[in-house]
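Pasting target.pdb here (PDB, C-alpha atoms, pLDDT in the B column):
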ATOM      1  CA  ALA A 193     105.164 104.259 115.991  1.00 66.00           C
ATOM      2  CA  LEU A 194     103.504 102.956 112.867  1.00 77.00           C
ATOM      3  CA  PRO A 195     100.153 101.135 112.974  1.00 76.00           C
ATOM      4  CA  ALA A 196     100.063  97.473 111.929  1.00 80.00           C
ATOM      5  CA  GLY A 197      98.313  98.382 108.683  1.00 75.00           C
ATOM      6  CA  PRO A 198      96.774  98.990 106.382  1.00 79.00           C
ATOM      7  CA  ALA A 199      98.051 102.525 106.775  1.00 79.00           C
ATOM      8  CA  THR A 200      99.979 105.201 104.937  1.00 79.00           C
ATOM      9  CA  VAL A 201     103.527 106.466 105.262  1.00 82.00           C
ATOM     10  CA  ILE A 202     105.464 109.231 103.593  1.00 81.00           C
ATOM     11  CA  ALA A 203     108.623 107.760 102.051  1.00 84.00           C
ATOM     12  CA  PHE A 204     111.646 110.021 101.526  1.00 82.00           C
ATOM     13  CA  ASP A 205     114.425 109.195  99.105  1.00 83.00           C
ATOM     14  CA  GLY A 206     118.010 110.428  99.330  1.00 77.00           C
ATOM     15  CA  ASN A 207     117.228 113.403  97.051  1.00 78.00           C
ATOM     16  CA  GLY A 208     114.473 114.897  99.201  1.00 72.00           C
ATOM     17  CA  ILE A 209     111.645 113.527  97.047  1.00 78.00           C
ATOM     18  CA  LYS A 210     108.641 112.290  99.004  1.00 79.00           C
ATOM     19  CA  SER A 211     105.952 109.805  98.043  1.00 81.00           C
ATOM     20  CA  VAL A 212     102.860 108.679  99.881  1.00 79.00           C
ATOM     21  CA  VAL A 213     102.745 104.878 100.071  1.00 84.00           C
ATOM     22  CA  LEU A 214      99.914 102.680 101.319  1.00 83.00           C
ATOM     23  CA  TYR A 215     101.175  99.595 103.112  1.00 86.00           C
ATOM     24  CA  ASP A 216      99.145  96.507 103.999  1.00 87.00           C
ATOM     25  CA  SER A 217     101.185  95.192 106.893  1.00 89.00           C
ATOM     26  CA  LEU A 218     104.445  95.442 108.750  1.00 88.00           C
ATOM     27  CA  GLU A 219     106.633  92.996 110.570  1.00 87.00           C
ATOM     28  CA  SER A 220     109.206  93.591 113.258  1.00 85.00           C
ATOM     29  CA  VAL A 221     112.538  91.963 112.474  1.00 85.00           C
ATOM     30  CA  ASP A 222     114.121  93.195 115.710  1.00 81.00           C
ATOM     31  CA  SER A 223     113.831  96.230 117.979  1.00 77.00           C
ATOM     32  CA  ASP A 224     115.492  98.497 115.374  1.00 78.00           C
ATOM     33  CA  PHE A 225     114.171  97.124 112.096  1.00 82.00           C
ATOM     34  CA  LEU A 226     110.672  96.973 110.504  1.00 83.00           C
ATOM     35  CA  VAL A 227     109.636  95.583 107.133  1.00 87.00           C
ATOM     36  CA  LEU A 228     106.664  97.320 105.475  1.00 88.00           C
ATOM     37  CA  HIS A 229     104.706  95.453 102.783  1.00 88.00           C
ATOM     38  CA  ALA A 230     103.292  97.807 100.142  1.00 86.00           C
ATOM     39  CA  GLY A 231      99.624  97.568  99.215  1.00 80.00           C
ATOM     40  CA  ALA A 232      98.432  96.091  95.913  1.00 79.00           C
ATOM     41  CA  ARG A 233      98.247  99.505  94.192  1.00 76.00           C
ATOM     42  CA  SER A 234     101.339 100.948  95.864  1.00 80.00           C
ATOM     43  CA  LYS A 235     105.064 100.556  95.694  1.00 83.00           C
ATOM     44  CA  PHE A 236     107.957 102.063  97.550  1.00 85.00           C
ATOM     45  CA  PRO A 237     110.180 104.191  95.317  1.00 81.00           C
ATOM     46  CA  LYS A 238     113.805 103.176  94.836  1.00 83.00           C
ATOM     47  CA  GLY A 239     116.286 104.667  97.242  1.00 84.00           C
ATOM     48  CA  VAL A 240     113.983 105.178 100.241  1.00 85.00           C
ATOM     49  CA  VAL A 241     116.069 106.305 103.196  1.00 82.00           C
ATOM     50  CA  GLN A 242     113.322 107.215 105.670  1.00 82.00           C
ATOM     51  CA  VAL A 243     109.591 106.807 106.261  1.00 83.00           C
ATOM     52  CA  ALA A 244     107.259 108.778 108.497  1.00 77.00           C
ATOM     53  CA  ALA A 245     103.686 108.155 109.569  1.00 74.00           C
ATOM     54  CA  ALA A 246     101.410 110.098 107.254  1.00 71.00           C
ATOM     55  CA  GLY A 247      98.336 110.194 109.449  1.00 58.00           C
ATOM     56  CA  LYS A 248      94.974 111.163 107.982  1.00 55.00           C
ATOM     57  CA  HIS A 249      95.384 113.331 104.946  1.00 68.00           C
ATOM     58  CA  GLU A 250      93.685 114.159 101.723  1.00 79.00           C
ATOM     59  CA  VAL A 251      93.699 116.830  99.076  1.00 87.00           C
ATOM     60  CA  VAL A 252      90.721 117.587  96.863  1.00 91.00           C
ATOM     61  CA  LEU A 253      91.417 119.162  93.472  1.00 94.00           C
ATOM     62  CA  ILE A 254      88.629 120.965  91.611  1.00 93.00           C
ATOM     63  CA  ALA A 255      88.655 120.717  87.807  1.00 93.00           C
ATOM     64  CA  ARG A 256      89.292 123.839  85.790  1.00 90.00           C
ATOM     65  CA  GLY A 257      86.410 125.490  83.918  1.00 85.00           C
ATOM     66  CA  SER A 258      84.437 122.965  81.892  1.00 85.00           C
ATOM     67  CA  ASP A 259      87.198 120.328  82.152  1.00 89.00           C
ATOM     68  CA  ASP A 260      86.738 117.124  84.090  1.00 93.00           C
ATOM     69  CA  PHE A 261      89.005 114.436  85.513  1.00 96.00           C
ATOM     70  CA  PRO A 262      88.961 110.977  83.887  1.00 95.00           C
ATOM     71  CA  PRO A 263      86.915 108.393  85.827  1.00 94.00           C
ATOM     72  CA  ASP A 264      89.732 105.809  85.591  1.00 95.00           C
ATOM     73  CA  ALA A 265      92.409 108.048  87.171  1.00 95.00           C
ATOM     74  CA  GLU A 266      94.541 105.955  89.550  1.00 93.00           C
ATOM     75  CA  GLU A 267      97.565 108.075  90.390  1.00 92.00           C
ATOM     76  CA  ILE A 268      98.708 111.666  89.979  1.00 92.00           C
ATOM     77  CA  MET A 269     102.026 113.488  89.907  1.00 89.00           C
ATOM     78  CA  PRO A 270     102.632 117.218  90.337  1.00 86.00           C
ATOM     79  CA  LEU A 271     104.452 118.540  87.261  1.00 83.00           C
ATOM     80  CA  ASP A 272     107.059 120.377  89.331  1.00 77.00           C
ATOM     81  CA  SER A 273     107.899 117.174  91.234  1.00 73.00           C
ATOM     82  CA  PRO A 274     107.600 114.288  88.738  1.00 64.00           C
ATOM     83  CA  GLN A 275     109.205 111.780  91.114  1.00 70.00           C
ATOM     84  CA  ALA A 276     106.400 112.238  93.655  1.00 79.00           C
ATOM     85  CA  SER A 277     103.223 110.268  93.046  1.00 84.00           C
ATOM     86  CA  PHE A 278      99.957 109.991  94.939  1.00 87.00           C
ATOM     87  CA  LEU A 279      97.073 107.532  94.736  1.00 87.00           C
ATOM     88  CA  VAL A 280      93.634 108.734  93.649  1.00 91.00           C
ATOM     89  CA  ALA A 281      91.058 107.917  96.319  1.00 87.00           C
ATOM     90  CA  THR A 282      87.963 108.954  94.332  1.00 91.00           C
ATOM     91  CA  VAL A 283      86.922 110.839  91.237  1.00 94.00           C
ATOM     92  CA  GLY A 284      83.840 112.896  92.087  1.00 91.00           C
ATOM     93  CA  THR A 285      80.513 113.045  90.295  1.00 81.00           C
ATOM     94  CA  ALA A 286      80.879 114.128  86.661  1.00 88.00           C
ATOM     95  CA  GLY A 287      84.657 114.270  87.153  1.00 92.00           C
ATOM     96  CA  ARG A 288      84.583 117.734  88.751  1.00 93.00           C
ATOM     97  CA  THR A 289      86.659 116.750  91.797  1.00 94.00           C
ATOM     98  CA  LEU A 290      89.605 114.472  92.415  1.00 93.00           C
ATOM     99  CA  ARG A 291      90.328 113.343  95.977  1.00 90.00           C
ATOM    100  CA  ILE A 292      93.867 112.101  96.438  1.00 90.00           C
ATOM    101  CA  ASP A 293      95.764 110.489  99.282  1.00 81.00           C
ATOM    102  CA  ALA A 294      98.343 113.220  99.844  1.00 79.00           C
ATOM    103  CA  PRO A 295      99.368 115.436 102.718  1.00 73.00           C
ATOM    104  CA  ASP A 296      97.935 118.940 102.550  1.00 72.00           C
ATOM    105  CA  ASP A 297     101.388 120.471 102.854  1.00 71.00           C
ATOM    106  CA  GLY A 298     101.627 122.680  99.774  1.00 74.00           C
ATOM    107  CA  THR A 299     102.808 119.938  97.416  1.00 80.00           C
ATOM    108  CA  PHE A 300      99.847 120.943  95.257  1.00 83.00           C
ATOM    109  CA  PRO A 301      99.781 124.724  94.777  1.00 84.00           C
ATOM    110  CA  PRO A 302      96.439 126.506  95.292  1.00 85.00           C
ATOM    111  CA  GLY A 303      95.866 126.609  91.527  1.00 84.00           C
ATOM    112  CA  PRO A 304      95.317 126.978  88.772  1.00 91.00           C
ATOM    113  CA  ALA A 305      97.918 124.336  88.000  1.00 91.00           C
ATOM    114  CA  ILE A 306      98.513 121.229  85.894  1.00 92.00           C
ATOM    115  CA  ILE A 307      99.043 117.639  87.047  1.00 93.00           C
ATOM    116  CA  ARG A 308     100.013 114.417  85.298  1.00 94.00           C
ATOM    117  CA  ILE A 309      97.407 111.661  85.706  1.00 95.00           C
ATOM    118  CA  ILE A 310      98.137 107.953  85.331  1.00 93.00           C
ATOM    119  CA  LEU A 311      95.086 106.018  84.171  1.00 95.00           C
ATOM    120  CA  ALA A 312      94.030 102.419  84.879  1.00 93.00           C
ATOM    121  CA  ASP A 313      95.605 101.281  81.579  1.00 95.00           C
ATOM    122  CA  SER A 314      98.954 102.926  82.618  1.00 93.00           C
ATOM    123  CA  SER A 315      98.624 105.686  80.036  1.00 96.00           C
ATOM    124  CA  LYS A 316      99.353 109.245  81.147  1.00 94.00           C
ATOM    125  CA  GLN A 317      97.655 112.550  80.457  1.00 95.00           C
ATOM    126  CA  LEU A 318      97.833 116.103  81.677  1.00 94.00           C
ATOM    127  CA  ALA A 319      94.905 117.770  83.440  1.00 94.00           C
ATOM    128  CA  ALA A 320      94.316 121.239  84.817  1.00 93.00           C
ATOM    129  CA  TYR A 321      92.804 122.025  88.168  1.00 93.00           C
ATOM    130  CA  ASP A 322      91.442 125.356  89.300  1.00 93.00           C
ATOM    131  CA  SER A 323      91.784 125.108  93.053  1.00 91.00           C
ATOM    132  CA  VAL A 324      92.527 122.906  96.058  1.00 87.00           C
ATOM    133  CA  ALA A 325      89.631 122.385  98.468  1.00 81.00           C
TER     134      ALA A 325
END
Will you turn the file into structure tokens for me?
Amino acid sequence: ALPAGPATVIAFDGNGIKSVVLYDSLESVDSDFLVLHAGARSKFPKGVVQVAAAGKHEVVLIARGSDDFPPDAEEIMPLDSPQASFLVATVGTAGRTLRIDAPDDGTFPPGPAIIRIILADSSKQLAAYDSVA
């Protein structure tokens, strides 16, 4: 059972790609059919065939060496799974950490690794992280 919202689900498309989506509310159309309304900063990817309750989850990435994460980071994508995207919850002090709304299920390797970051102005950049906390 899904909570009324706001809450998070993991959306699966027909190709096995998963995305974490924040929804604001849901409505029951009948006993077999629910409509989820995505949050303001979220959207459901095309081709969703299944959703599952995400529960509480977060991943914290630690910046590599003297690098830092941009303060206006809004979304990230693992390079090896460019269709998957996850919302940034917070960028830590001095940009050393990045907390994201994502299941801690190995989607982000222990590091070092590189991610694609989408900024508030919709531009994209690559960033390295050293480890997952």
From the options A:Pro301, A:Ala245, A:Ala230, A:Ile310, which residue's atoms come nearest to A:Pro263, counting only C-alpha atoms?
A:Ile310
Looking at only C-alpha atoms, which of A:Ala286, A:Leu279, A:Val243, A:Ile254 is the one that sits closest to A:Leu226?
A:Val243
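Comparing the minimum interatomic distances between A:Glu266 and each of A:Leu253, A:Leu290, A:Ala244, A:Ile202, counting all atoms listed in the file, we find that A:Leu290 sits nearest.
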Atom CA of A:Val240 to atom CA of A:Asn207, distance in Å rounded to a single decimal
9.4 Å
Ref. answer, residues at most 8 Å from (101.3, 99.8, 108.6) with only C-alpha atoms, as a list in words:
Leu194, Pro195, Ala196, Gly197, Pro198, Ala199, Thr200, Val201, Leu214, Tyr215, Asp216, Ser217, Leu218 and Leu228 of chain A
Quick one: residues within 10 Å of (93.8, 120.0, 88.5) (file frame), counting all atoms listed in the file, please, as a ChimeraX atom specification.
/A:252-256,259-261,268,270,288-290,300-309,318-324
Å distance separating atom CA of A:Asp293 from atom CA of A:Ser258, one decimal place
24.2 Å
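Here atom CA of A:Val227 stands at a distance of 15.6 Å from atom CA of A:Phe204.
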Using the chain letters and numbers from the file, give me the residues hit by the PyMOL selection byres ((chain A and resi 276) around 7), as a count of residues only.
9
Just want the 7 Å neighbourhood of A:Ala294, counted on all atoms listed in the file, with same-chain residues fewer than 5 positions away dropped. Output as a ChimeraX atom specification.
/A:212,249-251,278
